[in-house]
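Trainee: Just structure-v6.pdb, nothing more (PDB, C-alpha atoms and all ligand atoms):
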ATOM      1  CA  MET A  13     -31.650  -2.478  -6.319  1.00  0.00           C
ATOM      2  CA  LEU A  14     -27.951  -1.581  -6.465  1.00  0.00           C
ATOM      3  CA  LYS A  15     -25.843  -4.077  -8.441  1.00  0.00           C
ATOM      4  CA  LEU A  16     -22.459  -4.807  -6.913  1.00  0.00           C
ATOM      5  CA  ALA A  17     -19.227  -6.201  -8.330  1.00  0.00           C
ATOM      6  CA  VAL A  18     -17.042  -7.228  -5.391  1.00  0.00           C
ATOM      7  CA  LEU A  19     -13.262  -7.581  -5.786  1.00  0.00           C
ATOM      8  CA  ILE A  20     -11.226  -9.668  -3.346  1.00  0.00           C
ATOM      9  CA  SER A  21      -7.780 -11.219  -2.950  1.00  0.00           C
ATOM     10  CA  GLY A  22      -8.050 -13.212   0.289  1.00  0.00           C
ATOM     11  CA  GLY A  23     -10.422 -14.976   2.629  1.00  0.00           C
ATOM     12  CA  GLY A  24     -13.383 -12.805   1.739  1.00  0.00           C
ATOM     13  CA  SER A  25     -14.994 -12.265   5.128  1.00  0.00           C
ATOM     14  CA  ASN A  26     -16.150  -8.814   4.015  1.00  0.00           C
ATOM     15  CA  LEU A  27     -17.596 -10.401   0.883  1.00  0.00           C
ATOM     16  CA  GLN A  28     -19.334 -12.960   3.083  1.00  0.00           C
ATOM     17  CA  ALA A  29     -20.877 -10.165   5.140  1.00  0.00           C
ATOM     18  CA  LEU A  30     -22.241  -8.557   1.968  1.00  0.00           C
ATOM     19  CA  LEU A  31     -23.532 -11.927   0.733  1.00  0.00           C
ATOM     20  CA  ARG A  32     -25.350 -12.491   4.018  1.00  0.00           C
ATOM     21  CA  ALA A  33     -26.787  -8.986   4.006  1.00  0.00           C
ATOM     22  CA  ALA A  34     -28.023  -9.439   0.447  1.00  0.00           C
ATOM     23  CA  GLU A  35     -29.972 -12.551   1.449  1.00  0.00           C
ATOM     24  CA  ASP A  36     -32.367 -10.191   3.222  1.00  0.00           C
ATOM     25  CA  PRO A  37     -35.018  -9.086   0.712  1.00  0.00           C
ATOM     26  CA  ASP A  38     -35.005  -5.657   2.381  1.00  0.00           C
ATOM     27  CA  TYR A  39     -31.295  -5.090   1.749  1.00  0.00           C
ATOM     28  CA  PRO A  40     -31.113  -2.713  -1.232  1.00  0.00           C
ATOM     29  CA  ALA A  41     -28.095  -4.243  -3.024  1.00  0.00           C
ATOM     30  CA  ARG A  42     -27.352  -7.536  -4.773  1.00  0.00           C
ATOM     31  CA  ILE A  43     -23.996  -9.020  -5.760  1.00  0.00           C
ATOM     32  CA  ALA A  44     -23.816  -9.479  -9.539  1.00  0.00           C
ATOM     33  CA  CYS A  45     -20.299 -10.934  -9.631  1.00  0.00           C
ATOM     34  CA  VAL A  46     -17.133 -11.417  -7.607  1.00  0.00           C
ATOM     35  CA  GLY A  47     -13.694 -10.986  -9.137  1.00  0.00           C
ATOM     36  CA  SER A  48     -10.152 -11.540  -7.997  1.00  0.00           C
ATOM     37  CA  ASP A  49      -6.560 -11.125  -9.128  1.00  0.00           C
ATOM     38  CA  THR A  50      -5.692 -14.590  -7.778  1.00  0.00           C
ATOM     39  CA  ASP A  51      -7.141 -17.931  -6.599  1.00  0.00           C
ATOM     40  CA  ALA A  52      -8.604 -16.214  -3.555  1.00  0.00           C
ATOM     41  CA  PRO A  53     -10.105 -18.629  -1.006  1.00  0.00           C
ATOM     42  CA  GLY A  54     -12.982 -16.186  -0.592  1.00  0.00           C
ATOM     43  CA  LEU A  55     -14.259 -16.911  -4.105  1.00  0.00           C
ATOM     44  CA  ALA A  56     -15.747 -20.072  -2.599  1.00  0.00           C
ATOM     45  CA  HIS A  57     -18.252 -17.932  -0.660  1.00  0.00           C
ATOM     46  CA  ALA A  58     -19.585 -16.523  -3.924  1.00  0.00           C
ATOM     47  CA  GLU A  59     -19.618 -19.915  -5.624  1.00  0.00           C
ATOM     48  CA  ALA A  60     -21.571 -21.388  -2.719  1.00  0.00           C
ATOM     49  CA  ALA A  61     -24.128 -18.620  -3.185  1.00  0.00           C
ATOM     50  CA  GLY A  62     -24.371 -19.275  -6.932  1.00  0.00           C
ATOM     51  CA  ILE A  63     -22.810 -15.927  -7.837  1.00  0.00           C
ATOM     52  CA  PRO A  64     -20.553 -15.749 -10.908  1.00  0.00           C
ATOM     53  CA  THR A  65     -16.837 -15.356 -10.223  1.00  0.00           C
ATOM     54  CA  PHE A  66     -13.802 -14.587 -12.344  1.00  0.00           C
ATOM     55  CA  ILE A  67     -10.054 -14.302 -11.926  1.00  0.00           C
ATOM     56  CA  VAL A  68      -8.038 -11.748 -13.891  1.00  0.00           C
ATOM     57  CA  ARG A  69      -4.351 -12.262 -13.175  1.00  0.00           C
ATOM     58  CA  PRO A  70      -1.969  -9.326 -13.636  1.00  0.00           C
ATOM     59  CA  ARG A  71       0.695 -11.658 -15.015  1.00  0.00           C
ATOM     60  CA  ASP A  72      -1.526 -12.481 -17.981  1.00  0.00           C
ATOM     61  CA  SER A  73      -1.451  -8.826 -19.086  1.00  0.00           C
ATOM     62  CA  ASP A  74       1.445  -6.843 -20.513  1.00  0.00           C
ATOM     63  CA  SER A  75       0.896  -3.857 -18.223  1.00  0.00           C
ATOM     64  CA  ARG A  76      -1.106  -2.760 -15.185  1.00  0.00           C
ATOM     65  CA  GLU A  77      -3.325  -0.620 -17.409  1.00  0.00           C
ATOM     66  CA  GLU A  78      -4.079  -3.594 -19.642  1.00  0.00           C
ATOM     67  CA  TRP A  79      -4.877  -5.700 -16.570  1.00  0.00           C
ATOM     68  CA  GLY A  80      -7.297  -2.969 -15.513  1.00  0.00           C
ATOM     69  CA  GLN A  81      -8.983  -3.053 -18.918  1.00  0.00           C
ATOM     70  CA  VAL A  82      -9.482  -6.824 -18.780  1.00  0.00           C
ATOM     71  CA  LEU A  83     -10.807  -6.548 -15.219  1.00  0.00           C
ATOM     72  CA  ALA A  84     -13.179  -3.742 -16.246  1.00  0.00           C
ATOM     73  CA  ALA A  85     -14.505  -5.799 -19.159  1.00  0.00           C
ATOM     74  CA  ALA A  86     -15.143  -8.788 -16.881  1.00  0.00           C
ATOM     75  CA  ILE A  87     -17.128  -6.587 -14.499  1.00  0.00           C
ATOM     76  CA  GLN A  88     -19.069  -4.906 -17.299  1.00  0.00           C
ATOM     77  CA  GLU A  89     -20.045  -8.306 -18.702  1.00  0.00           C
ATOM     78  CA  HIS A  90     -22.043  -8.767 -15.515  1.00  0.00           C
ATOM     79  CA  GLY A  91     -23.930  -5.513 -15.983  1.00  0.00           C
ATOM     80  CA  VAL A  92     -21.967  -3.337 -13.559  1.00  0.00           C
ATOM     81  CA  GLY A  93     -20.304  -0.095 -14.522  1.00  0.00           C
ATOM     82  CA  SER A  94     -22.110   1.296 -17.507  1.00  0.00           C
ATOM     83  CA  GLY A  95     -25.386   2.854 -18.598  1.00  0.00           C
ATOM     84  CA  PRO A  96     -27.929   4.751 -16.527  1.00  0.00           C
ATOM     85  CA  ASP A  97     -27.750   2.207 -13.685  1.00  0.00           C
ATOM     86  CA  PRO A  98     -23.995   1.686 -13.227  1.00  0.00           C
ATOM     87  CA  GLY A  99     -24.062  -0.103  -9.881  1.00  0.00           C
ATOM     88  CA  LEU A 100     -21.055  -0.110  -7.597  1.00  0.00           C
ATOM     89  CA  VAL A 101     -17.642  -1.771  -7.634  1.00  0.00           C
ATOM     90  CA  VAL A 102     -16.559  -2.712  -4.099  1.00  0.00           C
ATOM     91  CA  SER A 103     -12.909  -3.460  -3.421  1.00  0.00           C
ATOM     92  CA  ALA A 104     -13.231  -5.602  -0.289  1.00  0.00           C
ATOM     93  CA  GLY A 105      -9.749  -6.879   0.367  1.00  0.00           C
ATOM     94  CA  LEU A 106      -8.377  -6.619  -3.190  1.00  0.00           C
ATOM     95  CA  MET A 107      -4.646  -6.353  -2.538  1.00  0.00           C
ATOM     96  CA  ARG A 108      -3.847  -4.478  -5.758  1.00  0.00           C
ATOM     97  CA  ILE A 109      -3.800  -0.844  -6.695  1.00  0.00           C
ATOM     98  CA  LEU A 110      -6.354  -0.303  -9.404  1.00  0.00           C
ATOM     99  CA  PRO A 111      -4.838   1.413 -12.459  1.00  0.00           C
ATOM    100  CA  ALA A 112      -5.829   4.947 -13.413  1.00  0.00           C
ATOM    101  CA  GLY A 113      -7.816   3.909 -16.482  1.00  0.00           C
ATOM    102  CA  PHE A 114      -9.910   1.513 -14.385  1.00  0.00           C
ATOM    103  CA  VAL A 115     -10.527   4.201 -11.779  1.00  0.00           C
ATOM    104  CA  ARG A 116     -11.626   6.708 -14.453  1.00  0.00           C
ATOM    105  CA  GLU A 117     -13.952   4.104 -15.972  1.00  0.00           C
ATOM    106  CA  PHE A 118     -15.901   3.451 -12.767  1.00  0.00           C
ATOM    107  CA  SER A 119     -15.392   6.546 -10.617  1.00  0.00           C
ATOM    108  CA  PRO A 120     -17.106   7.565  -8.438  1.00  0.00           C
ATOM    109  CA  ASN A 121     -18.986   4.255  -8.270  1.00  0.00           C
ATOM    110  CA  LEU A 122     -15.919   2.537  -6.915  1.00  0.00           C
ATOM    111  CA  ILE A 123     -15.258   2.129  -3.189  1.00  0.00           C
ATOM    112  CA  ASN A 124     -12.674   0.434  -1.009  1.00  0.00           C
ATOM    113  CA  THR A 125     -12.456  -0.697   2.571  1.00  0.00           C
ATOM    114  CA  HIS A 126      -9.131  -0.090   4.300  1.00  0.00           C
ATOM    115  CA  PRO A 127      -8.054  -1.246   7.787  1.00  0.00           C
ATOM    116  CA  ALA A 128      -6.915   2.092   9.213  1.00  0.00           C
ATOM    117  CA  LEU A 129      -8.267   5.549   9.895  1.00  0.00           C
ATOM    118  CA  LEU A 130      -7.245   7.248   6.662  1.00  0.00           C
ATOM    119  CA  PRO A 131      -5.397   9.465   5.922  1.00  0.00           C
ATOM    120  CA  ASP A 132      -3.266   7.629   8.528  1.00  0.00           C
ATOM    121  CA  PHE A 133      -1.564   4.405   7.420  1.00  0.00           C
ATOM    122  CA  PRO A 134      -2.418   4.014   3.730  1.00  0.00           C
ATOM    123  CA  GLY A 135      -0.978   1.081   1.776  1.00  0.00           C
ATOM    124  CA  ALA A 136      -0.824  -2.685   2.052  1.00  0.00           C
ATOM    125  CA  HIS A 137       0.425  -2.954   5.666  1.00  0.00           C
ATOM    126  CA  ALA A 138      -1.914  -0.594   7.450  1.00  0.00           C
ATOM    127  CA  VAL A 139      -2.332  -2.646  10.627  1.00  0.00           C
ATOM    128  CA  ARG A 140       1.396  -3.379  10.942  1.00  0.00           C
ATOM    129  CA  ASP A 141       2.218   0.275  10.300  1.00  0.00           C
ATOM    130  CA  ALA A 142      -0.241   1.471  12.958  1.00  0.00           C
ATOM    131  CA  LEU A 143       1.333  -0.857  15.539  1.00  0.00           C
ATOM    132  CA  ALA A 144       4.867   0.141  14.512  1.00  0.00           C
ATOM    133  CA  ALA A 145       3.955   3.809  14.900  1.00  0.00           C
ATOM    134  CA  GLY A 146       2.646   3.180  18.418  1.00  0.00           C
ATOM    135  CA  ALA A 147      -0.862   4.334  17.505  1.00  0.00           C
ATOM    136  CA  THR A 148      -3.286   4.064  20.413  1.00  0.00           C
ATOM    137  CA  GLU A 149      -6.277   4.202  18.119  1.00  0.00           C
ATOM    138  CA  THR A 150      -6.812   2.869  14.621  1.00  0.00           C
ATOM    139  CA  GLY A 151      -9.792   1.499  12.741  1.00  0.00           C
ATOM    140  CA  VAL A 152     -11.362   1.168   9.342  1.00  0.00           C
ATOM    141  CA  THR A 153     -12.255   3.515   6.523  1.00  0.00           C
ATOM    142  CA  VAL A 154     -14.641   3.044   3.615  1.00  0.00           C
ATOM    143  CA  HIS A 155     -13.720   5.500   0.880  1.00  0.00           C
ATOM    144  CA  VAL A 156     -14.165   6.302  -2.786  1.00  0.00           C
ATOM    145  CA  ILE A 157     -11.196   5.112  -4.827  1.00  0.00           C
ATOM    146  CA  ASP A 158      -9.326   7.799  -6.698  1.00  0.00           C
ATOM    147  CA  GLU A 159      -6.078   7.544  -8.638  1.00  0.00           C
ATOM    148  CA  GLY A 160      -3.912   7.645  -5.509  1.00  0.00           C
ATOM    149  CA  VAL A 161      -3.198   4.921  -2.946  1.00  0.00           C
ATOM    150  CA  ASP A 162      -5.981   5.071  -0.322  1.00  0.00           C
ATOM    151  CA  THR A 163      -6.382   8.820  -0.896  1.00  0.00           C
ATOM    152  CA  GLY A 164      -9.973   9.072  -2.137  1.00  0.00           C
ATOM    153  CA  PRO A 165     -12.790  10.816  -0.275  1.00  0.00           C
ATOM    154  CA  VAL A 166     -13.658   9.198   3.058  1.00  0.00           C
ATOM    155  CA  LEU A 167     -17.248   7.992   3.344  1.00  0.00           C
ATOM    156  CA  ARG A 168     -17.449   6.263   6.722  1.00  0.00           C
ATOM    157  CA  GLN A 169     -15.021   5.318   9.506  1.00  0.00           C
ATOM    158  CA  ALA A 170     -15.061   3.325  12.732  1.00  0.00           C
ATOM    159  CA  SER A 171     -12.314   3.270  15.331  1.00  0.00           C
ATOM    160  CA  VAL A 172     -10.696   0.686  17.597  1.00  0.00           C
ATOM    161  CA  THR A 173      -8.493   1.235  20.637  1.00  0.00           C
ATOM    162  CA  VAL A 174      -5.192  -0.605  20.276  1.00  0.00           C
ATOM    163  CA  ARG A 175      -4.567  -3.020  23.167  1.00  0.00           C
ATOM    164  CA  HIS A 176      -1.181  -3.192  24.805  1.00  0.00           C
ATOM    165  CA  GLY A 177       0.929  -6.005  23.356  1.00  0.00           C
ATOM    166  CA  GLU A 178      -1.537  -7.281  20.784  1.00  0.00           C
ATOM    167  CA  SER A 179      -0.272  -8.782  17.558  1.00  0.00           C
ATOM    168  CA  GLU A 180      -0.937  -7.571  14.036  1.00  0.00           C
ATOM    169  CA  SER A 181      -3.319 -10.462  13.385  1.00  0.00           C
ATOM    170  CA  GLU A 182      -5.216  -9.920  16.662  1.00  0.00           C
ATOM    171  CA  LEU A 183      -5.653  -6.230  15.946  1.00  0.00           C
ATOM    172  CA  HIS A 184      -6.606  -6.859  12.320  1.00  0.00           C
ATOM    173  CA  GLU A 185      -9.256  -9.354  13.428  1.00  0.00           C
ATOM    174  CA  ARG A 186     -10.753  -6.795  15.825  1.00  0.00           C
ATOM    175  CA  ILE A 187     -10.730  -4.188  13.052  1.00  0.00           C
ATOM    176  CA  LYS A 188     -12.482  -6.620  10.719  1.00  0.00           C
ATOM    177  CA  GLU A 189     -15.236  -7.141  13.295  1.00  0.00           C
ATOM    178  CA  LEU A 190     -16.086  -3.474  12.763  1.00  0.00           C
ATOM    179  CA  GLU A 191     -15.203  -3.421   9.086  1.00  0.00           C
ATOM    180  CA  ARG A 192     -17.780  -5.967   7.957  1.00  0.00           C
ATOM    181  CA  PRO A 193     -20.851  -4.190   9.378  1.00  0.00           C
ATOM    182  CA  LEU A 194     -19.466  -0.779   8.365  1.00  0.00           C
ATOM    183  CA  LEU A 195     -19.111  -1.921   4.746  1.00  0.00           C
ATOM    184  CA  VAL A 196     -22.589  -3.482   4.739  1.00  0.00           C
ATOM    185  CA  GLN A 197     -24.060  -0.286   6.185  1.00  0.00           C
ATOM    186  CA  THR A 198     -22.162   2.016   3.820  1.00  0.00           C
ATOM    187  CA  VAL A 199     -23.333   0.060   0.771  1.00  0.00           C
ATOM    188  CA  ARG A 200     -26.872   0.256   2.146  1.00  0.00           C
ATOM    189  CA  GLU A 201     -26.653   4.036   2.499  1.00  0.00           C
ATOM    190  CA  ILE A 202     -25.275   4.390  -1.046  1.00  0.00           C
ATOM    191  CA  ALA A 203     -28.034   2.151  -2.417  1.00  0.00           C
ATOM    192  CA  GLU A 204     -30.729   4.078  -0.586  1.00  0.00           C
ATOM    193  CA  GLY A 205     -29.355   7.415  -1.757  1.00  0.00           C
ATOM    194  CA  GLY A 206     -28.613   8.743   1.720  1.00  0.00           C
ATOM    195  CA  LEU A 207     -24.906   8.747   0.942  1.00  0.00           C
ATOM    196  CA  VAL A 208     -24.048  10.402  -2.363  1.00  0.00           C
ATOM    197  CA  LEU A 209     -20.697   9.551  -3.895  1.00  0.00           C
ATOM    198  CA  PRO A 210     -18.698  12.670  -4.765  1.00  0.00           C
ATOM    199  CA  PRO A 211     -18.429  13.208  -8.556  1.00  0.00           C
ATOM    200  CA  ASN A 212     -15.108  12.257 -10.174  1.00  0.00           C
ATOM    201  CA  GLY A 213     -13.912  10.729  -6.934  1.00  0.00           C
ATOM    202  CA  GLY A 214     -13.034  14.140  -5.568  1.00  0.00           C
TER     203      GLY A 214
HETATM  204  C1  LIG B 301      -9.652  -6.279   5.143  1.00  0.00           C
HETATM  205  O1  LIG B 301      -9.260  -5.847   6.422  1.00  0.00           O
HETATM  206  C2  LIG B 301      -9.396  -5.221   4.105  1.00  0.00           C
HETATM  207  O2  LIG B 301      -9.625  -3.937   4.551  1.00  0.00           O
HETATM  208  C3  LIG B 301      -7.932  -5.435   3.856  1.00  0.00           C
HETATM  209  O3  LIG B 301      -7.799  -6.824   3.799  1.00  0.00           O
HETATM  210  C4  LIG B 301      -8.774  -7.415   4.652  1.00  0.00           C
HETATM  211  C5  LIG B 301      -9.543  -8.421   3.835  1.00  0.00           C
HETATM  212  O4  LIG B 301     -10.261  -9.281   4.667  1.00  0.00           O
HETATM  213  N1  LIG B 301      -7.485  -4.745   2.681  1.00  0.00           N
HETATM  214  P1  LIG B 301     -11.298 -10.328   4.072  1.00  0.00           P
HETATM  215  O5  LIG B 301     -10.629 -11.014   2.875  1.00  0.00           O
HETATM  216  O6  LIG B 301     -12.527  -9.590   3.672  1.00  0.00           O
HETATM  217  O7  LIG B 301     -11.541 -11.287   5.193  1.00  0.00           O
END
Spit out the file's structure as structure tokens when you get a sec.
Mentor:
Amino acid sequence: MLKLAVLISGGGSNLQALLRAAEDPDYPARIACVGSDTDAPGLAHAEAAGIPTFIVRPRDSDSREEWGQVLAAAIQEHGVGSGPDPGLVVSAGLMRILPAGFVREFSPNLINTHPALLPDFPGAHAVRDALAAGATETGVTVHVIDEGVDTGPVLRQASVTVRHGESESELHERIKELERPLLVQTVREIAEGGLVLPPNGG
């Protein structure tokens, strides 16, 4: 059984999809803890499921690296990230760039879901940027996190055709309809060993 630490910043619908999947005894992963950088509304999904949560705020640390160390320690307290059975850290809507020391600590057992077809439209405004660029197709990417911004090895992608005149929130919602099952399926494949994470994130 693969142990997961899920990191979120927002509403947590991807987290909710993983929680629902993990209710199935046949799903090969379980959520050990859910962390955030802020009072994310999505933490309520974990609390409702009786899963431990924590908040590690960047402003309580002197530097990004120190924030990463505190976040890493909180995850490790829940049995993810060390030893022969390190589990997997899943950034599912965490709106922060993880510092290099954190990435080195967990890599390659550290994945992210991003609402664009990487390498196109990395960064925090992927859906807006795709619309602004006039993209006719965009989508979602699940990838290993490396020390860059949305640059790590791509694991799985799904694409969406952009509709004429749709808003950023409409397009993002349609992307998320694909994103949730793609994340659940990718975690399943990692847990079952059919998808092997590239060593050192590269
Ligand atoms: C997802 O589209 C994720 O890729 C992006 O933010 C969104 C989070 O959605 N970084 P939710 O909080 O899981 O509903």
Trainee: Of the candidates A:Val101, A:Val196, A:Ala41, A:Val152, which shows the shortest atom-to-atom distance to ligand LIG 301 (chain B), using only C-alpha atoms and all ligand atoms?
Mentor: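 Ranking A:Val101, A:Val196, A:Ala41, A:Val152 by distance to ligand LIG 301 (chain B), first place goes to A:Val152.
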Trainee: Compute the distance from (-18.6, -10.8, 6.0) to each atom, counting all atoms listed in the file, keep the residues with any atom at most 10 Å away, and return them as a list in words; use the coordinates of the file.
Mentor: Gly23, Gly24, Ser25, Asn26, Leu27, Gln28, Ala29, Leu30, Leu31, Arg32, Ala33, His57, Ala104, Lys188, Glu189, Glu191, Arg192, Pro193, Leu195 and Val196 of chain A
Trainee: Could you tell me how far CA of Ser179 (chain A) sits from CA of Thr153 (chain A), in Å to one decimal place?
Mentor: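 We find that CA of Thr153 (chain A) and CA of Ser179 (chain A) lie 20.4 Å from each other.
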Trainee: Written as a ChimeraX atom specification, what is the full residue list that the PyMOL selection byres (((chain A and resi 56) around 12) and not hetatm) yields on the file shown?
Mentor: /A:20-25,27-28,31,46-48,51-55,57-66
Trainee: Got a sec to resolve the PyMOL selection byres (((chain A and resi 109-111) around 8) and not hetatm) on this structure and send the residues as a tab-separated table (two decimals) with C-alpha atoms, in the coordinates of the input?
Mentor:
chain	number	residue	atom	x	y	z
A	76	ARG	CA	-1.11	-2.76	-15.18
A	77	GLU	CA	-3.32	-0.62	-17.41
A	80	GLY	CA	-7.30	-2.97	-15.51
A	107	MET	CA	-4.65	-6.35	-2.54
A	108	ARG	CA	-3.85	-4.48	-5.76
A	112	ALA	CA	-5.83	4.95	-13.41
A	113	GLY	CA	-7.82	3.91	-16.48
A	114	PHE	CA	-9.91	1.51	-14.38
A	115	VAL	CA	-10.53	4.20	-11.78
A	159	GLU	CA	-6.08	7.54	-8.64
A	161	VAL	CA	-3.20	4.92	-2.95
Trainee: What separation in Å, quoted to one decimal, exists between CA of Ile43 (chain A) and CA of Val154 (chain A)?
Mentor: 17.9 Å
Trainee: Select, from A:Pro40, A:Gly135, A:Pro127, A:Pro165, the residue with the minimum atom-to-atom distance to ligand LIG 301 (chain B), counting only C-alpha atoms and all ligand atoms.
Mentor: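 Of A:Pro40, A:Gly135, A:Pro127, A:Pro165, the one nearest ligand LIG 301 (chain B), counting only C-alpha atoms and all ligand atoms, is A:Pro127.
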Trainee: Using all atoms listed in the file, which protein or nucleic acid residues come within 12 Å of region 85-89 of chain A? Drop anything in the same chain fewer than 3 positions from it, and give the result as a count of residues only.
Mentor: 37
Trainee: Using all atoms of region 43-61 of chain A listed in the file and a margin of 4 Å per side, can you give the axis-aligned box centre and edge lengths in Å to one decimal, as JSON?
Mentor:
{"center_x": -14.9, "center_y": -15.2, "center_z": -5.1, "size_x": 26.4, "size_y": 20.4, "size_z": 17.0}
Trainee: Can you work out the spacing between CA of Thr50 (chain A) and atom O3 of ligand LIG 301 (chain B) in Å, to one decimal?
Mentor: 14.1 Å
